$ cat final29.cif   # mmCIF, C-alpha atoms
data_start
#
loop_
_atom_site.label_atom_id
_atom_site.label_comp_id
_atom_site.auth_asym_id
_atom_site.auth_seq_id
_atom_site.Cartn_x
_atom_site.Cartn_y
_atom_site.Cartn_z
CA MET A 1 -174.03 -19.43 -107.33
CA ILE A 2 -171.67 -21.56 -105.29
CA ALA A 3 -170.89 -21.49 -101.57
CA THR A 4 -167.31 -21.26 -100.28
CA MET A 5 -165.64 -22.91 -97.28
CA ILE A 6 -162.20 -21.80 -96.06
CA PHE A 7 -160.46 -24.06 -93.56
CA ALA A 8 -158.76 -21.94 -90.89
CA ALA A 9 -159.29 -23.93 -87.69
CA GLY A 10 -155.95 -25.76 -87.53
CA LEU A 11 -153.46 -25.43 -84.69
CA GLY A 12 -150.63 -24.41 -87.00
CA THR A 13 -148.12 -26.60 -85.18
CA ARG A 14 -145.61 -26.51 -88.06
CA MET A 15 -145.76 -22.71 -88.05
CA ARG A 16 -144.66 -22.33 -84.41
CA PRO A 17 -143.53 -20.08 -82.79
CA LEU A 18 -145.53 -17.70 -85.02
CA THR A 19 -148.77 -19.47 -84.04
CA ASN A 20 -148.13 -19.34 -80.31
CA GLU A 21 -150.30 -16.21 -80.12
CA ARG A 22 -152.35 -16.23 -83.31
CA PRO A 23 -154.01 -18.64 -85.76
CA LYS A 24 -151.98 -19.64 -88.80
CA ALA A 25 -154.45 -17.81 -91.03
CA MET A 26 -153.35 -14.54 -89.40
CA VAL A 27 -149.64 -15.05 -90.14
CA ALA A 28 -148.56 -12.33 -92.58
CA VAL A 29 -147.07 -12.94 -96.02
CA ALA A 30 -146.07 -9.90 -98.08
CA GLY A 31 -147.71 -7.67 -95.47
CA ARG A 32 -151.11 -9.38 -95.49
CA PRO A 33 -152.56 -12.23 -93.40
CA LEU A 34 -152.86 -15.59 -95.09
CA ILE A 35 -156.64 -15.43 -94.69
CA ASP A 36 -156.73 -12.46 -97.07
CA HIS A 37 -154.63 -14.32 -99.64
CA ALA A 38 -157.18 -17.15 -99.45
CA LEU A 39 -160.15 -14.79 -99.71
CA ASP A 40 -158.59 -13.18 -102.79
CA GLN A 41 -158.70 -16.58 -104.48
CA VAL A 42 -162.33 -17.39 -103.74
CA ALA A 43 -164.24 -14.10 -103.41
CA GLY A 44 -167.52 -14.09 -105.30
CA PRO A 45 -171.29 -14.33 -104.94
CA GLY A 46 -172.69 -16.88 -102.57
CA PRO A 47 -172.12 -17.53 -98.86
CA THR A 48 -168.57 -17.68 -97.49
CA VAL A 49 -167.89 -19.72 -94.35
CA ILE A 50 -164.64 -19.93 -92.39
CA ASN A 51 -164.11 -22.41 -89.57
CA THR A 52 -162.19 -21.37 -86.46
CA HIS A 53 -160.66 -22.99 -83.38
CA HIS A 54 -157.11 -21.90 -82.49
CA PHE A 55 -157.15 -18.24 -81.27
CA ALA A 56 -160.59 -17.89 -82.85
CA ASP A 57 -161.15 -14.43 -81.35
CA CYS A 58 -158.30 -13.09 -83.47
CA LEU A 59 -160.06 -14.09 -86.69
CA HIS A 60 -163.44 -12.90 -85.43
CA THR A 61 -162.00 -9.47 -84.69
CA TYR A 62 -160.10 -9.18 -87.96
CA LEU A 63 -163.03 -10.28 -90.14
CA ALA A 64 -165.72 -8.32 -88.29
CA GLY A 65 -167.99 -6.40 -90.64
CA ARG A 66 -167.34 -8.59 -93.66
CA ASN A 67 -170.07 -10.73 -95.20
CA ILE A 68 -168.53 -13.93 -93.83
CA THR A 69 -169.94 -16.57 -91.49
CA LEU A 70 -167.51 -17.94 -88.89
CA VAL A 71 -168.18 -21.42 -87.50
CA HIS A 72 -166.28 -22.25 -84.32
CA GLU A 73 -165.21 -25.86 -83.76
CA SER A 74 -165.13 -26.80 -80.07
CA PRO A 75 -164.03 -28.64 -78.05
CA MET A 76 -162.18 -30.59 -80.75
CA LEU A 77 -161.05 -30.02 -84.31
CA LEU A 78 -163.12 -31.86 -86.89
CA GLU A 79 -160.56 -32.05 -89.73
CA THR A 80 -161.55 -30.94 -93.23
CA GLY A 81 -164.32 -33.45 -93.87
CA GLY A 82 -165.91 -33.11 -90.46
CA GLY A 83 -165.46 -29.35 -90.57
CA LEU A 84 -167.21 -29.09 -93.92
CA ARG A 85 -170.11 -31.23 -92.73
CA ASN A 86 -170.38 -29.17 -89.54
CA ALA A 87 -170.69 -25.99 -91.64
CA LEU A 88 -173.36 -27.31 -94.05
CA PRO A 89 -176.26 -25.44 -92.38
CA HIS A 90 -174.56 -22.23 -93.53
CA LEU A 91 -173.49 -23.49 -96.96
CA GLY A 92 -176.68 -24.92 -98.41
CA ASP A 93 -177.23 -28.12 -100.37
CA GLY A 94 -175.24 -27.34 -103.51
CA PRO A 95 -171.57 -27.92 -104.35
CA VAL A 96 -169.03 -26.10 -102.19
CA LEU A 97 -165.74 -24.50 -103.21
CA THR A 98 -163.21 -25.47 -100.53
CA MET A 99 -159.95 -23.66 -99.81
CA ASN A 100 -157.09 -24.14 -97.34
CA ALA A 101 -155.85 -20.91 -95.74
CA ASP A 102 -152.13 -21.64 -95.91
CA ALA A 103 -150.95 -20.91 -99.44
CA CYS A 104 -150.12 -18.10 -101.85
CA TRP A 105 -150.77 -18.02 -105.57
CA THR A 106 -149.83 -16.35 -108.83
CA GLY A 107 -151.81 -16.57 -112.05
CA PRO A 108 -155.60 -16.90 -112.41
CA ARG A 109 -157.72 -17.07 -109.28
CA ALA A 110 -158.49 -20.54 -107.99
CA ARG A 111 -162.23 -19.81 -108.07
CA ASP A 112 -162.16 -18.84 -111.73
CA SER A 113 -160.15 -21.89 -112.83
CA LEU A 114 -162.37 -24.28 -110.87
CA LEU A 115 -165.71 -22.83 -111.99
CA LYS A 116 -164.59 -22.79 -115.63
CA ALA A 117 -163.84 -26.54 -115.47
CA TRP A 118 -166.70 -27.62 -113.18
CA ASP A 119 -169.21 -29.97 -114.84
CA PRO A 120 -171.74 -31.34 -112.33
CA SER A 121 -173.10 -33.79 -114.89
CA ARG A 122 -169.79 -35.70 -114.75
CA MET A 123 -168.20 -34.60 -111.49
CA ASP A 124 -168.75 -35.06 -107.78
CA GLY A 125 -165.39 -33.45 -107.07
CA LEU A 126 -162.85 -31.27 -108.87
CA LEU A 127 -159.39 -30.56 -107.44
CA LEU A 128 -157.04 -27.78 -108.53
CA MET A 129 -153.57 -29.22 -109.16
CA VAL A 130 -150.15 -27.74 -109.90
CA PRO A 131 -147.04 -29.36 -111.43
CA ARG A 132 -144.10 -29.81 -109.05
CA ASP A 133 -141.93 -27.40 -111.03
CA ARG A 134 -144.41 -24.59 -110.27
CA ALA A 135 -144.94 -25.52 -106.61
CA ILE A 136 -142.94 -24.26 -103.64
CA GLY A 137 -142.84 -26.07 -100.32
CA PRO A 138 -143.84 -29.54 -99.10
CA SER A 139 -145.96 -31.56 -101.49
CA ARG A 140 -149.50 -32.57 -100.60
CA ALA A 141 -151.45 -35.50 -101.95
CA SER A 142 -150.28 -36.24 -105.50
CA PHE A 143 -152.46 -37.27 -108.42
CA ALA A 144 -152.35 -37.75 -112.16
CA ILE A 145 -154.97 -36.27 -114.47
CA GLY A 146 -156.05 -38.74 -117.13
CA PRO A 147 -156.95 -37.87 -120.73
CA ASP A 148 -160.59 -37.53 -119.71
CA GLY A 149 -159.73 -35.33 -116.73
CA ARG A 150 -160.31 -38.00 -114.08
CA LEU A 151 -157.87 -38.20 -111.19
CA THR A 152 -155.87 -41.22 -110.09
CA ARG A 153 -153.35 -41.45 -107.25
CA ASP A 154 -149.77 -40.97 -108.44
CA ALA A 155 -146.97 -40.16 -105.98
CA SER A 156 -144.91 -38.58 -108.78
CA GLY A 157 -147.75 -36.60 -110.26
CA LEU A 158 -149.38 -33.21 -109.76
CA ILE A 159 -149.68 -31.59 -106.33
CA TYR A 160 -153.01 -30.71 -104.77
CA THR A 161 -153.16 -26.96 -104.10
CA GLY A 162 -155.73 -27.04 -101.30
CA ALA A 163 -158.57 -25.76 -103.50
CA GLY A 164 -161.42 -27.70 -105.03
CA ILE A 165 -165.15 -28.08 -105.54
CA VAL A 166 -167.08 -30.95 -103.95
CA ARG A 167 -170.63 -32.12 -103.87
CA THR A 168 -171.51 -32.62 -100.22
CA GLU A 169 -174.13 -35.37 -100.33
CA GLY A 170 -171.49 -38.03 -99.65
CA LEU A 171 -170.57 -36.52 -96.28
CA SER A 172 -173.57 -38.21 -94.67
CA ALA A 173 -171.96 -41.64 -95.22
CA PHE A 174 -169.30 -41.01 -92.57
CA GLY A 175 -170.30 -42.09 -89.08
CA GLU A 176 -167.45 -40.42 -87.21
CA ASP A 177 -167.33 -36.71 -86.36
CA VAL A 178 -163.66 -36.25 -87.32
CA PHE A 179 -162.54 -37.20 -90.83
CA SER A 180 -160.66 -35.80 -93.81
CA LEU A 181 -161.89 -34.67 -97.19
CA ARG A 182 -159.46 -37.26 -98.56
CA ASP A 183 -161.97 -39.92 -97.49
CA LEU A 184 -164.68 -38.23 -99.54
CA TRP A 185 -162.35 -37.89 -102.54
CA LEU A 186 -161.52 -41.61 -102.41
CA ALA A 187 -165.20 -42.50 -102.59
CA MET A 188 -165.59 -40.14 -105.56
CA MET A 189 -162.52 -41.60 -107.25
CA ASN A 190 -163.86 -45.13 -106.86
CA ARG A 191 -167.00 -44.03 -108.71
CA GLY A 192 -164.99 -42.34 -111.46
CA ARG A 193 -166.39 -38.96 -110.39
CA LEU A 194 -163.25 -37.18 -109.10
CA PHE A 195 -161.60 -34.87 -111.65
CA GLY A 196 -158.69 -32.48 -111.74
CA VAL A 197 -157.72 -29.25 -113.48
CA GLU A 198 -154.24 -27.74 -113.64
CA HIS A 199 -153.47 -24.32 -112.18
CA PRO A 200 -151.44 -22.39 -114.81
CA GLY A 201 -149.62 -20.16 -112.33
CA HIS A 202 -147.30 -20.77 -109.39
CA TRP A 203 -148.30 -21.89 -105.91
CA ALA A 204 -146.52 -21.84 -102.55
CA ASP A 205 -147.32 -23.82 -99.42
CA VAL A 206 -146.96 -21.58 -96.35
CA GLY A 207 -147.09 -24.15 -93.57
CA THR A 208 -143.82 -23.29 -91.84
CA PRO A 209 -141.93 -20.07 -91.00
CA ASP A 210 -139.41 -20.88 -93.75
CA GLY A 211 -142.26 -20.95 -96.25
CA ILE A 212 -143.00 -17.26 -95.74
CA ALA A 213 -139.83 -15.98 -97.40
CA ALA A 214 -140.21 -18.44 -100.29
CA ALA A 215 -143.81 -17.35 -100.88
CA GLU A 216 -142.87 -13.68 -100.72
CA ALA A 217 -140.11 -14.23 -103.29
CA MET A 218 -142.62 -15.98 -105.57
CA LEU A 219 -145.10 -13.10 -105.26
CA ALA A 220 -142.38 -10.50 -105.84
CA GLY A 221 -141.29 -12.29 -108.99
CA ALA A 222 -144.81 -12.11 -110.37
CA ALA A 223 -145.22 -8.38 -109.66
#
$ encode --input "final29.cif" --output "structure tokens"
Amino acid sequence: MIATMIFAAGLGTRMRPLTNERPKAMVAVAGRPLIDHALDQVAGPGPTVINTHHFADCLHTYLAGRNITLVHESPMLLETGGGLRNALPHLGDGPVLTMNADACWTGPRARDSLLKAWDPSRMDGLLLMVPRDRAIGPSRASFAIGPDGRLTRDASGLIYTGAGIVRTEGLSAFGEDVFSLRDLWLAMMNRGRLFGVEHPGHWADVGTPDGIAAAEAMLAGAA
């Protein structure tokens, strides 16, 4: 059983004006909030934690009654690495499936693809990647997957989808409160313990208002 962390605390500055009165995770795509698209991808046994900050009450109200733990970050945002470490009391000591709440997907669920490929004997981290020709929207950190599955940095390579599995022991090495998961990945990569698996479907970044229509067209095409 694996715990799940969804990152939903961001200010959504690129999504303004839609985030002037709501968190980005509550922006609707195809009639449903982005947080539900994210939950579709990761639902399963084990604890689910979502961090909040910007218009947190909106998420608390919408998710009330579900078996989800909300962790509020205040007074400052902790970024993905700091946010994950802050939520560890609710996640346990095992690996955590992490998910950004600003994307839409077609094809197999992210959870299923990651768990099928996860091998804790070889891996400290596993990132779900997608080729550029099946990705819509701005690219995130790019990597190449080697013949053995290990990841290396490659600006022309595969795009990180915002979903992965990480062991959390390495979080204790960071002295600052605010830091990115990228810092944890780099340490894993230097040890040869960061791996990747390719998502076989399509993926759309929904970080801006323009991204909504593109994501909806992608989802409609898969219907």
$ closest_residue --input "final29.cif" --among "A:Ala103, A:Arg193, A:Arg150, A:His60" --to "Pro138 of chain A" --atoms "all atoms listed in the file"
A:Ala103
$ resolve_selection --input "final29.cif" --expression "the PyMOL selection byres ((chain A and resi 30-47) around 6)" --output "mmCIF file with C-alpha atoms, in the coordinates of the input"
data_model
loop_
_atom_site.group_PDB
_atom_site.id
_atom_site.type_symbol
_atom_site.label_atom_id
_atom_site.label_comp_id
_atom_site.auth_asym_id
_atom_site.auth_seq_id
_atom_site.Cartn_x
_atom_site.Cartn_y
_atom_site.Cartn_z
ATOM 1 C CA MET A 1 -174.030 -19.430 -107.330
ATOM 2 C CA ILE A 2 -171.670 -21.560 -105.290
ATOM 3 C CA ALA A 3 -170.890 -21.490 -101.570
ATOM 4 C CA ALA A 25 -154.450 -17.810 -91.030
ATOM 5 C CA MET A 26 -153.350 -14.540 -89.400
ATOM 6 C CA VAL A 27 -149.640 -15.050 -90.140
ATOM 7 C CA ALA A 28 -148.560 -12.330 -92.580
ATOM 8 C CA VAL A 29 -147.070 -12.940 -96.020
ATOM 9 C CA THR A 48 -168.570 -17.680 -97.490
ATOM 10 C CA ALA A 101 -155.850 -20.910 -95.740
ATOM 11 C CA ARG A 109 -157.720 -17.070 -109.280
ATOM 12 C CA ALA A 110 -158.490 -20.540 -107.990
ATOM 13 C CA ARG A 111 -162.230 -19.810 -108.070
ATOM 14 C CA GLU A 216 -142.870 -13.680 -100.720
#
$ resolve_selection --input "final29.cif" --expression "the PyMOL selection byres ((chain A and resi 81) around 8)" --output "count of residues only"
15
$ atom_distance --input "final29.cif" --atom1 "atom CA of His53 of chain A" --atom2 "atom CA of Leu77 of chain A"
7.1 Å
$ closest_residue --input "final29.cif" --among "A:Val130, A:Arg153, A:Asn190, A:Cys104" --to "Ala213 of chain A" --atoms "only C-alpha atoms"
A:Cys104
$ atom_distance --input "final29.cif" --atom1 "atom CA of Ser121 of chain A" --atom2 "atom CA of Glu198 of chain A"
19.8 Å
$ resolve_selection --input "final29.cif" --expression "the PyMOL selection byres ((chain A and resi 95) around 9)" --output "mmCIF file with C-alpha atoms, keeping the file's coordinate frame"
data_model
loop_
_atom_site.group_PDB
_atom_site.id
_atom_site.type_symbol
_atom_site.label_atom_id
_atom_site.label_comp_id
_atom_site.auth_asym_id
_atom_site.auth_seq_id
_atom_site.Cartn_x
_atom_site.Cartn_y
_atom_site.Cartn_z
ATOM 1 C CA ILE A 2 -171.670 -21.560 -105.290
ATOM 2 C CA ALA A 3 -170.890 -21.490 -101.570
ATOM 3 C CA THR A 4 -167.310 -21.260 -100.280
ATOM 4 C CA LEU A 91 -173.490 -23.490 -96.960
ATOM 5 C CA GLY A 92 -176.680 -24.920 -98.410
ATOM 6 C CA ASP A 93 -177.230 -28.120 -100.370
ATOM 7 C CA GLY A 94 -175.240 -27.340 -103.510
ATOM 8 C CA VAL A 96 -169.030 -26.100 -102.190
ATOM 9 C CA LEU A 97 -165.740 -24.500 -103.210
ATOM 10 C CA PRO A 120 -171.740 -31.340 -112.330
ATOM 11 C CA ASP A 124 -168.750 -35.060 -107.780
ATOM 12 C CA GLY A 125 -165.390 -33.450 -107.070
ATOM 13 C CA ILE A 165 -165.150 -28.080 -105.540
ATOM 14 C CA VAL A 166 -167.080 -30.950 -103.950
ATOM 15 C CA ARG A 167 -170.630 -32.120 -103.870
ATOM 16 C CA THR A 168 -171.510 -32.620 -100.220
ATOM 17 C CA GLU A 169 -174.130 -35.370 -100.330
#
$ atom_distance --input "final29.cif" --atom1 "atom CA of Pro209 of chain A" --atom2 "atom CA of Leu63 of chain A"
23.3 Å
$ residues_around --input "final29.cif" --residues "Leu18 of chain A" --least-positions-apart "3" --cutoff "12 Å" --atoms "all atoms listed in the file" --output "list of chain:residue names"
A:Leu11, A:Gly12, A:Thr13, A:Arg14, A:Met15, A:Glu21, A:Arg22, A:Pro23, A:Lys24, A:Ala25, A:Met26, A:Val27, A:Ala28, A:Gly207, A:Thr208, A:Pro209, A:Asp210, A:Ile212
$ residues_around --input "final29.cif" --residues "Ser142 of chain A" --least-positions-apart "2" --cutoff "12 Å" --atoms "all atoms listed in the file" --output "MDAnalysis selection string"
chainID A and resid 127:132 138:140 144:145 151:162 182 196
$ write_last_selection --input "final29.cif" --atoms "C-alpha atoms" --output "JSON list (two decimals), keeping the file's coordinate frame"
[["chain", "number", "residue", "atom", "x", "y", "z"],
["A", 127, "LEU", "CA", -159.39, -30.56, -107.44],
["A", 128, "LEU", "CA", -157.04, -27.78, -108.53],
["A", 129, "MET", "CA", -153.57, -29.22, -109.16],
["A", 130, "VAL", "CA", -150.15, -27.74, -109.90],
["A", 131, "PRO", "CA", -147.04, -29.36, -111.43],
["A", 132, "ARG", "CA", -144.10, -29.81, -109.05],
["A", 138, "PRO", "CA", -143.84, -29.54, -99.10],
["A", 139, "SER", "CA", -145.96, -31.56, -101.49],
["A", 140, "ARG", "CA", -149.50, -32.57, -100.60],
["A", 144, "ALA", "CA", -152.35, -37.75, -112.16],
["A", 145, "ILE", "CA", -154.97, -36.27, -114.47],
["A", 151, "LEU", "CA", -157.87, -38.20, -111.19],
["A", 152, "THR", "CA", -155.87, -41.22, -110.09],
["A", 153, "ARG", "CA", -153.35, -41.45, -107.25],
["A", 154, "ASP", "CA", -149.77, -40.97, -108.44],
["A", 155, "ALA", "CA", -146.97, -40.16, -105.98],
["A", 156, "SER", "CA", -144.91, -38.58, -108.78],
["A", 157, "GLY", "CA", -147.75, -36.60, -110.26],
["A", 158, "LEU", "CA", -149.38, -33.21, -109.76],
["A", 159, "ILE", "CA", -149.68, -31.59, -106.33],
["A", 160, "TYR", "CA", -153.01, -30.71, -104.77],
["A", 161, "THR", "CA", -153.16, -26.96, -104.10],
["A", 162, "GLY", "CA", -155.73, -27.04, -101.30],
["A", 182, "ARG", "CA", -159.46, -37.26, -98.56],
["A", 196, "GLY", "CA", -158.69, -32.48, -111.74]]
$ residues_around --input "final29.cif" --residues "Val49 of chain A" --least-positions-apart "6" --cutoff "7 Å" --atoms "only C-alpha atoms" --output "mmCIF file with C-alpha atoms, in the frame of the given file"
data_model
loop_
_atom_site.group_PDB
_atom_site.id
_atom_site.type_symbol
_atom_site.label_atom_id
_atom_site.label_comp_id
_atom_site.auth_asym_id
_atom_site.auth_seq_id
_atom_site.Cartn_x
_atom_site.Cartn_y
_atom_site.Cartn_z
ATOM 1 C CA THR A 4 -167.310 -21.260 -100.280
ATOM 2 C CA MET A 5 -165.640 -22.910 -97.280
ATOM 3 C CA ILE A 6 -162.200 -21.800 -96.060
ATOM 4 C CA ILE A 68 -168.530 -13.930 -93.830
ATOM 5 C CA THR A 69 -169.940 -16.570 -91.490
ATOM 6 C CA LEU A 70 -167.510 -17.940 -88.890
#
$ closest_residue --input "final29.cif" --among "A:Ala9, A:Thr52, A:Leu186, A:Thr106" --to "Met218 of chain A" --atoms "all atoms listed in the file"
A:Thr106
$ closest_residue --input "final29.cif" --among "A:Ser172, A:Thr98, A:Asn51, A:Asn86" --to "Val71 of chain A" --atoms "only C-alpha atoms"
A:Asn51
$ closest_residue --input "final29.cif" --among "A:Met99, A:Ile50, A:Ala215, A:Gly65" --to "Ala163 of chain A" --atoms "all atoms listed in the file"
A:Met99
$ closest_residue --input "final29.cif" --among "A:Ala56, A:Leu194, A:Ala8, A:Ile136" --to "Ala217 of chain A" --atoms "all atoms listed in the file"
A:Ile136
$ decode --input "final29.cif" --residues "segment 69-79 of chain A" --atoms "all heavy atoms" --output "mmCIF file, in the first residue's frame"
data_model
loop_
_atom_site.group_PDB
_atom_site.id
_atom_site.type_symbol
_atom_site.label_atom_id
_atom_site.label_comp_id
_atom_site.auth_asym_id
_atom_site.auth_seq_id
_atom_site.Cartn_x
_atom_site.Cartn_y
_atom_site.Cartn_z
ATOM 1 N N THR A 69 -6.829 13.766 3.640
ATOM 2 C CA THR A 69 -6.275 14.663 4.644
ATOM 3 C C THR A 69 -5.753 15.916 3.957
ATOM 4 O O THR A 69 -4.960 15.825 3.010
ATOM 5 C CB THR A 69 -5.132 13.985 5.408
ATOM 6 O OG1 THR A 69 -5.626 12.816 6.066
ATOM 7 C CG2 THR A 69 -4.539 14.929 6.449
ATOM 8 N N LEU A 70 -6.190 17.089 4.417
ATOM 9 C CA LEU A 70 -5.726 18.360 3.882
ATOM 10 C C LEU A 70 -4.722 18.970 4.855
ATOM 11 O O LEU A 70 -4.989 19.060 6.059
ATOM 12 C CB LEU A 70 -6.901 19.307 3.655
ATOM 13 C CG LEU A 70 -7.979 18.817 2.681
ATOM 14 C CD1 LEU A 70 -9.089 19.848 2.550
ATOM 15 C CD2 LEU A 70 -7.372 18.527 1.313
ATOM 16 N N VAL A 71 -3.580 19.363 4.328
ATOM 17 C CA VAL A 71 -2.521 19.972 5.139
ATOM 18 C C VAL A 71 -2.324 21.395 4.659
ATOM 19 O O VAL A 71 -1.909 21.620 3.515
ATOM 20 C CB VAL A 71 -1.208 19.169 5.030
ATOM 21 C CG1 VAL A 71 -0.101 19.864 5.812
ATOM 22 C CG2 VAL A 71 -1.409 17.749 5.537
ATOM 23 N N HIS A 72 -2.631 22.353 5.522
ATOM 24 C CA HIS A 72 -2.544 23.762 5.136
ATOM 25 C C HIS A 72 -1.132 24.289 5.363
ATOM 26 O O HIS A 72 -0.559 24.082 6.432
ATOM 27 C CB HIS A 72 -3.550 24.584 5.940
ATOM 28 C CG HIS A 72 -3.625 26.016 5.514
ATOM 29 N ND1 HIS A 72 -3.972 26.383 4.238
ATOM 30 C CD2 HIS A 72 -3.374 27.166 6.192
ATOM 31 C CE1 HIS A 72 -3.953 27.696 4.146
ATOM 32 N NE2 HIS A 72 -3.597 28.194 5.317
ATOM 33 N N GLU A 73 -0.588 24.963 4.361
ATOM 34 C CA GLU A 73 0.736 25.584 4.472
ATOM 35 C C GLU A 73 0.561 27.072 4.745
ATOM 36 O O GLU A 73 -0.011 27.792 3.936
ATOM 37 C CB GLU A 73 1.532 25.361 3.185
ATOM 38 C CG GLU A 73 1.859 23.904 2.951
ATOM 39 C CD GLU A 73 2.693 23.679 1.697
ATOM 40 O OE1 GLU A 73 3.173 24.674 1.102
ATOM 41 O OE2 GLU A 73 2.851 22.512 1.309
ATOM 42 N N SER A 74 1.074 27.515 5.895
ATOM 43 C CA SER A 74 0.949 28.917 6.290
ATOM 44 C C SER A 74 2.072 29.237 7.277
ATOM 45 O O SER A 74 2.443 28.382 8.087
ATOM 46 C CB SER A 74 -0.414 29.147 6.955
ATOM 47 O OG SER A 74 -0.571 30.479 7.361
ATOM 48 N N PRO A 75 2.634 30.444 7.212
ATOM 49 C CA PRO A 75 2.226 31.577 6.366
ATOM 50 C C PRO A 75 2.804 31.548 4.952
ATOM 51 O O PRO A 75 2.386 32.324 4.109
ATOM 52 C CB PRO A 75 2.796 32.776 7.139
ATOM 53 C CG PRO A 75 4.028 32.233 7.772
ATOM 54 C CD PRO A 75 3.698 30.809 8.156
ATOM 55 N N MET A 76 3.776 30.660 4.686
ATOM 56 C CA MET A 76 4.408 30.675 3.371
ATOM 57 C C MET A 76 4.259 29.330 2.690
ATOM 58 O O MET A 76 4.062 28.297 3.327
ATOM 59 C CB MET A 76 5.893 31.027 3.490
ATOM 60 C CG MET A 76 6.698 30.052 4.305
ATOM 61 S SD MET A 76 8.413 30.575 4.498
ATOM 62 C CE MET A 76 9.075 29.232 5.494
ATOM 63 N N LEU A 77 4.367 29.353 1.370
ATOM 64 C CA LEU A 77 4.380 28.131 0.582
ATOM 65 C C LEU A 77 5.731 27.436 0.739
ATOM 66 O O LEU A 77 6.775 28.095 0.809
ATOM 67 C CB LEU A 77 4.138 28.457 -0.888
ATOM 68 C CG LEU A 77 2.715 28.867 -1.270
ATOM 69 C CD1 LEU A 77 2.695 29.457 -2.674
ATOM 70 C CD2 LEU A 77 1.795 27.659 -1.199
ATOM 71 N N LEU A 78 5.713 26.127 0.749
ATOM 72 C CA LEU A 78 6.920 25.347 1.015
ATOM 73 C C LEU A 78 7.508 24.702 -0.227
ATOM 74 O O LEU A 78 8.496 23.977 -0.127
ATOM 75 C CB LEU A 78 6.613 24.271 2.060
ATOM 76 C CG LEU A 78 6.128 24.806 3.410
ATOM 77 C CD1 LEU A 78 5.718 23.644 4.321
ATOM 78 C CD2 LEU A 78 7.192 25.664 4.077
ATOM 79 N N GLU A 79 6.924 24.953 -1.403
ATOM 80 C CA GLU A 79 7.318 24.291 -2.643
ATOM 81 C C GLU A 79 7.056 22.785 -2.519
ATOM 82 O O GLU A 79 6.562 22.305 -1.499
ATOM 83 C CB GLU A 79 8.780 24.590 -3.007
ATOM 84 C CG GLU A 79 9.069 26.050 -3.261
ATOM 85 C CD GLU A 79 8.477 26.535 -4.580
ATOM 86 O OE1 GLU A 79 8.010 25.700 -5.378
ATOM 87 O OE2 GLU A 79 8.480 27.760 -4.790
#
